[in-house]
file protein13.csv (CSV, C-alpha atoms)
chain,number,residue,atom,x,y,z
A,1,MET,CA,-3.3,154.9,50.6
A,2,SER,CA,-0.3,155.7,52.8
A,3,GLU,CA,3.1,154.2,52.2
A,4,TRP,CA,4.4,151.5,54.5
A,5,SER,CA,7.0,148.8,54.5
A,6,TYR,CA,7.4,145.5,56.2
A,7,PHE,CA,10.5,143.5,56.9
A,8,ASN,CA,10.1,139.8,57.7
A,9,PRO,CA,13.2,137.9,58.6
A,10,THR,CA,11.7,134.4,58.6
A,11,ARG,CA,13.2,131.4,60.4
A,12,ILE,CA,11.5,128.1,59.4
A,13,LEU,CA,12.0,125.1,61.6
A,14,PHE,CA,10.8,121.6,60.4
A,15,SER,CA,10.9,118.3,62.2
A,16,SER,CA,8.5,115.4,62.6
A,17,ASN,CA,8.9,115.9,66.4
A,18,LEU,CA,9.1,119.7,66.6
A,19,ILE,CA,6.1,120.1,68.8
A,20,ASN,CA,8.1,118.4,71.6
A,21,GLN,CA,10.9,121.0,71.2
A,22,LEU,CA,8.6,124.1,71.4
A,23,GLU,CA,9.7,125.1,75.0
A,24,LYS,CA,13.3,125.3,73.6
A,25,VAL,CA,12.3,127.3,70.5
A,26,ILE,CA,9.8,129.8,71.9
A,27,GLU,CA,11.5,132.3,74.2
A,28,PHE,CA,8.5,134.6,74.6
A,29,LYS,CA,6.4,134.9,77.7
A,30,ARG,CA,2.9,135.5,76.4
A,31,VAL,CA,1.9,133.2,73.6
A,32,ALA,CA,-1.4,133.4,71.5
A,33,ILE,CA,-2.3,130.3,69.5
A,34,ILE,CA,-4.4,131.3,66.5
A,35,THR,CA,-6.2,128.2,65.2
A,36,THR,CA,-9.5,126.4,64.5
A,37,PRO,CA,-11.8,124.5,66.9
A,38,GLY,CA,-10.6,121.2,65.4
A,39,PHE,CA,-7.1,121.6,66.9
A,40,ILE,CA,-8.7,122.0,70.4
A,41,GLU,CA,-10.9,118.9,69.8
A,42,ARG,CA,-7.9,116.8,68.7
A,43,GLY,CA,-5.9,117.9,71.8
A,44,VAL,CA,-3.2,119.7,69.9
A,45,THR,CA,-3.6,123.0,71.7
A,46,LYS,CA,-3.7,121.4,75.1
A,47,LYS,CA,-0.4,119.6,74.3
A,48,ILE,CA,1.2,122.9,73.2
A,49,GLN,CA,0.0,124.6,76.4
A,50,GLU,CA,1.4,121.8,78.5
A,51,LEU,CA,4.8,122.1,76.7
A,52,LEU,CA,4.8,125.8,77.2
A,53,SER,CA,3.6,125.6,80.9
A,54,ASP,CA,6.2,128.2,82.0
A,55,LYS,CA,4.5,130.7,79.7
A,56,THR,CA,1.1,132.4,79.7
A,57,THR,CA,-0.8,131.0,76.7
A,58,ARG,CA,-4.2,131.6,75.3
A,59,VAL,CA,-6.0,129.8,72.5
A,60,PHE,CA,-8.0,131.8,70.0
A,61,ASP,CA,-10.0,129.3,68.0
A,62,VAL,CA,-11.6,132.0,65.9
A,63,VAL,CA,-10.4,131.0,62.5
A,64,LYS,CA,-12.9,130.2,59.8
A,65,PRO,CA,-12.1,128.9,56.4
A,66,ASN,CA,-11.2,131.8,54.1
A,67,PRO,CA,-12.0,134.4,56.8
A,68,ASP,CA,-13.2,137.9,55.7
A,69,ILE,CA,-12.3,141.2,57.3
A,70,GLU,CA,-15.4,141.1,59.6
A,71,ASP,CA,-14.3,137.8,61.0
A,72,LEU,CA,-10.8,139.1,61.7
A,73,ASP,CA,-12.1,142.4,63.2
A,74,ALA,CA,-14.4,140.5,65.6
A,75,SER,CA,-11.3,138.8,67.2
A,76,ILE,CA,-8.7,141.5,67.2
A,77,ILE,CA,-9.9,143.3,70.4
A,78,ASP,CA,-9.6,140.1,72.4
A,79,ILE,CA,-6.1,139.4,71.1
A,80,ARG,CA,-5.0,143.0,71.8
A,81,LEU,CA,-6.3,142.7,75.3
A,82,PHE,CA,-4.3,139.5,75.9
A,83,SER,CA,-1.3,141.5,74.7
A,84,PRO,CA,0.8,138.5,73.4
A,85,ASP,CA,4.5,138.9,72.5
A,86,CYS,CA,4.3,135.8,70.3
A,87,LEU,CA,1.6,134.5,67.9
A,88,ILE,CA,1.5,130.9,66.7
A,89,GLY,CA,-0.6,130.2,63.6
A,90,LEU,CA,-1.6,126.5,64.1
A,91,GLY,CA,-3.3,124.8,61.1
A,92,GLY,CA,-3.6,125.4,57.5
A,93,GLY,CA,-3.6,128.5,55.3
A,94,SER,CA,-6.5,130.3,56.9
A,95,SER,CA,-4.9,130.0,60.4
A,96,ILE,CA,-1.5,131.1,59.2
A,97,ASP,CA,-2.9,134.0,57.2
A,98,SER,CA,-5.1,135.1,60.1
A,99,ALA,CA,-2.1,135.0,62.4
A,100,LYS,CA,-0.2,137.2,59.9
A,101,ILE,CA,-3.1,139.7,59.8
A,102,PHE,CA,-3.3,139.7,63.6
A,103,SER,CA,0.4,140.4,63.9
A,104,ARG,CA,0.0,143.5,61.8
A,105,LEU,CA,-3.1,144.7,63.6
A,106,THR,CA,-1.7,144.1,67.1
A,107,GLY,CA,1.5,146.1,66.3
A,108,PHE,CA,4.0,143.3,65.9
A,109,CYS,CA,4.8,144.5,62.4
A,110,LYS,CA,5.8,148.1,62.6
A,111,ASP,CA,6.4,150.4,59.7
A,112,GLN,CA,10.1,150.4,59.0

call {"tool": "encode", "arguments": {"input": "protein13.csv", "output": "structure tokens"}}
result
Amino acid sequence: MSEWSYFNPTRILFSSNLINQLEKVIEFKRVAIITTPGFIERGVTKKIQELLSDKTTRVFDVVKPNPDIEDLDASIIDIRLFSPDCLIGLGGGSSIDSAKIFSRLTGFCKDQ
């Protein structure tokens, strides 16, 4: 296994109304939302896309509970083709973990 390193300066924002402040927080132009179909059904992704209307957004509702490598591999090509400069992991642990894996596989996380 080759050596690699990863540096993650994390900024965490918390607010009961943070969703309505997204357009002020997200400065990127191409935003991929990594989530489950349930967030589409509940209208959450649509609200985010409306709030980020000045950006190009695309929803990838490909996350399964406890995804395996085959699930992730099946989605990475579409995400790479979209070429986002920002990933949002929307949902629980599987969505957030999938977004972290996609960030590595799309080149967001470079070896330092």

call {"tool": "closest_residue", "arguments": {"input": "protein13.csv", "among": "A:Cys86, A:Leu18, A:Arg104, A:Pro65", "to": "Ile33 of chain A", "atoms": "all atoms listed in the file"}}
result
A:Cys86

call {"tool": "residues_around", "arguments": {"input": "protein13.csv", "residues": "Leu105 of chain A", "least_positions_apart": "6", "cutoff": "10 Å", "atoms": "all atoms listed in the file", "output": "short mmCIF file (atom, residue, chain, number, x, y, z; two decimals) with C-alpha atoms, in the frame of the given file"}}
result
data_model
loop_
_atom_site.label_atom_id
_atom_site.label_comp_id
_atom_site.auth_asym_id
_atom_site.auth_seq_id
_atom_site.Cartn_x
_atom_site.Cartn_y
_atom_site.Cartn_z
CA LEU A 72 -10.80 139.10 61.70
CA ASP A 73 -12.10 142.40 63.20
CA ILE A 76 -8.70 141.50 67.20
CA ILE A 77 -9.90 143.30 70.40
CA ILE A 79 -6.10 139.40 71.10
CA ARG A 80 -5.00 143.00 71.80
CA ALA A 99 -2.10 135.00 62.40
#

call {"tool": "closest_residue", "arguments": {"input": "protein13.csv", "among": "A:Ser83, A:Thr45, A:Thr106, A:Ser98", "to": "Val62 of chain A", "atoms": "all atoms listed in the file"}}
result
A:Ser98

call {"tool": "residues_around", "arguments": {"input": "protein13.csv", "residues": "Asp97 of chain A", "least_positions_apart": "3", "cutoff": "12 Å", "atoms": "all atoms listed in the file", "output": "list in words"}}
result
Ile34, Thr35, Val63, Lys64, Pro65, Asn66, Pro67, Asp68, Ile69, Leu72, Leu87, Ile88, Gly89, Leu90, Gly91, Gly92, Gly93, Ser94, Lys100, Ile101, Phe102, Ser103 and Arg104 of chain A

call {"tool": "closest_residue", "arguments": {"input": "protein13.csv", "among": "A:Leu51, A:Ile40, A:Tyr6, A:Phe60", "to": "Lys24 of chain A", "atoms": "all atoms listed in the file"}}
result
A:Leu51

call {"tool": "closest_residue", "arguments": {"input": "protein13.csv", "among": "A:Glu23, A:Gly43, A:Lys29, A:Ser53", "to": "Pro84 of chain A", "atoms": "only C-alpha atoms"}}
result
A:Lys29

call {"tool": "atom_distance", "arguments": {"input": "protein13.csv", "atom1": "atom CA of Phe82 of chain A", "atom2": "atom CA of Ser15 of chain A"}}
result
29.5 Å

call {"tool": "atom_distance", "arguments": {"input": "protein13.csv", "atom1": "atom CA of Asp78 of chain A", "atom2": "atom CA of Phe28 of chain A"}}
result
19.0 Å

call {"tool": "atom_distance", "arguments": {"input": "protein13.csv", "atom1": "atom CA of Thr36 of chain A", "atom2": "atom CA of Val59 of chain A"}}
result
9.4 Å

call {"tool": "build_atoms", "arguments": {"input": "protein13.csv", "residues": "segment 36-54 of chain A", "atoms": "N, CA, C and O atoms", "output": "CSV table (one decimal), in the frame of the given file"}}
result
chain,number,residue,atom,x,y,z
A,36,THR,N,-8.1,126.8,64.7
A,36,THR,CA,-9.5,126.4,64.5
A,36,THR,C,-10.0,125.5,65.6
A,36,THR,O,-9.1,124.9,66.3
A,37,PRO,N,-11.3,125.4,65.8
A,37,PRO,CA,-11.8,124.5,66.9
A,37,PRO,C,-11.3,123.1,66.8
A,37,PRO,O,-11.1,122.4,67.8
A,38,GLY,N,-11.0,122.6,65.6
A,38,GLY,CA,-10.6,121.2,65.4
A,38,GLY,C,-9.3,120.9,66.1
A,38,GLY,O,-9.1,119.8,66.6
A,39,PHE,N,-8.4,121.9,66.2
A,39,PHE,CA,-7.1,121.6,66.9
A,39,PHE,C,-7.3,121.5,68.4
A,39,PHE,O,-6.6,120.8,69.1
A,40,ILE,N,-8.4,122.1,68.9
A,40,ILE,CA,-8.7,122.0,70.4
A,40,ILE,C,-9.3,120.6,70.5
A,40,ILE,O,-8.9,119.8,71.5
A,41,GLU,N,-10.2,120.2,69.7
A,41,GLU,CA,-10.9,118.9,69.8
A,41,GLU,C,-9.9,117.7,69.7
A,41,GLU,O,-10.1,116.7,70.3
A,42,ARG,N,-8.9,117.9,68.9
A,42,ARG,CA,-7.9,116.8,68.7
A,42,ARG,C,-6.8,116.9,69.8
A,42,ARG,O,-5.9,116.0,69.9
A,43,GLY,N,-6.9,117.9,70.7
A,43,GLY,CA,-5.9,117.9,71.8
A,43,GLY,C,-4.6,118.5,71.5
A,43,GLY,O,-3.7,118.6,72.4
A,44,VAL,N,-4.4,119.1,70.3
A,44,VAL,CA,-3.2,119.7,69.9
A,44,VAL,C,-2.8,120.9,70.8
A,44,VAL,O,-1.7,121.1,71.2
A,45,THR,N,-3.8,121.8,70.9
A,45,THR,CA,-3.6,123.0,71.7
A,45,THR,C,-3.3,122.7,73.1
A,45,THR,O,-2.4,123.4,73.7
A,46,LYS,N,-3.9,121.7,73.7
A,46,LYS,CA,-3.7,121.4,75.1
A,46,LYS,C,-2.2,120.9,75.2
A,46,LYS,O,-1.5,121.3,76.2
A,47,LYS,N,-1.8,120.1,74.3
A,47,LYS,CA,-0.4,119.6,74.3
A,47,LYS,C,0.6,120.8,74.2
A,47,LYS,O,1.6,120.8,75.0
A,48,ILE,N,0.3,121.7,73.4
A,48,ILE,CA,1.2,122.9,73.2
A,48,ILE,C,1.2,123.7,74.5
A,48,ILE,O,2.3,124.1,75.0
A,49,GLN,N,0.0,123.9,75.1
A,49,GLN,CA,0.0,124.6,76.4
A,49,GLN,C,0.7,123.9,77.5
A,49,GLN,O,1.4,124.5,78.3
A,50,GLU,N,0.6,122.6,77.5
A,50,GLU,CA,1.4,121.8,78.5
A,50,GLU,C,2.9,122.0,78.3
A,50,GLU,O,3.7,122.1,79.2
A,51,LEU,N,3.3,121.9,77.0
A,51,LEU,CA,4.8,122.1,76.7
A,51,LEU,C,5.3,123.5,77.0
A,51,LEU,O,6.4,123.6,77.3
A,52,LEU,N,4.4,124.4,76.9
A,52,LEU,CA,4.8,125.8,77.2
A,52,LEU,C,4.2,126.3,78.6
A,52,LEU,O,3.9,127.4,78.8
A,53,SER,N,4.2,125.3,79.5
A,53,SER,CA,3.6,125.6,80.9
A,53,SER,C,4.3,126.7,81.6
A,53,SER,O,3.7,127.3,82.5
A,54,ASP,N,5.5,127.1,81.3
A,54,ASP,CA,6.2,128.2,82.0
A,54,ASP,C,5.8,129.5,81.3
A,54,ASP,O,6.3,130.6,81.8
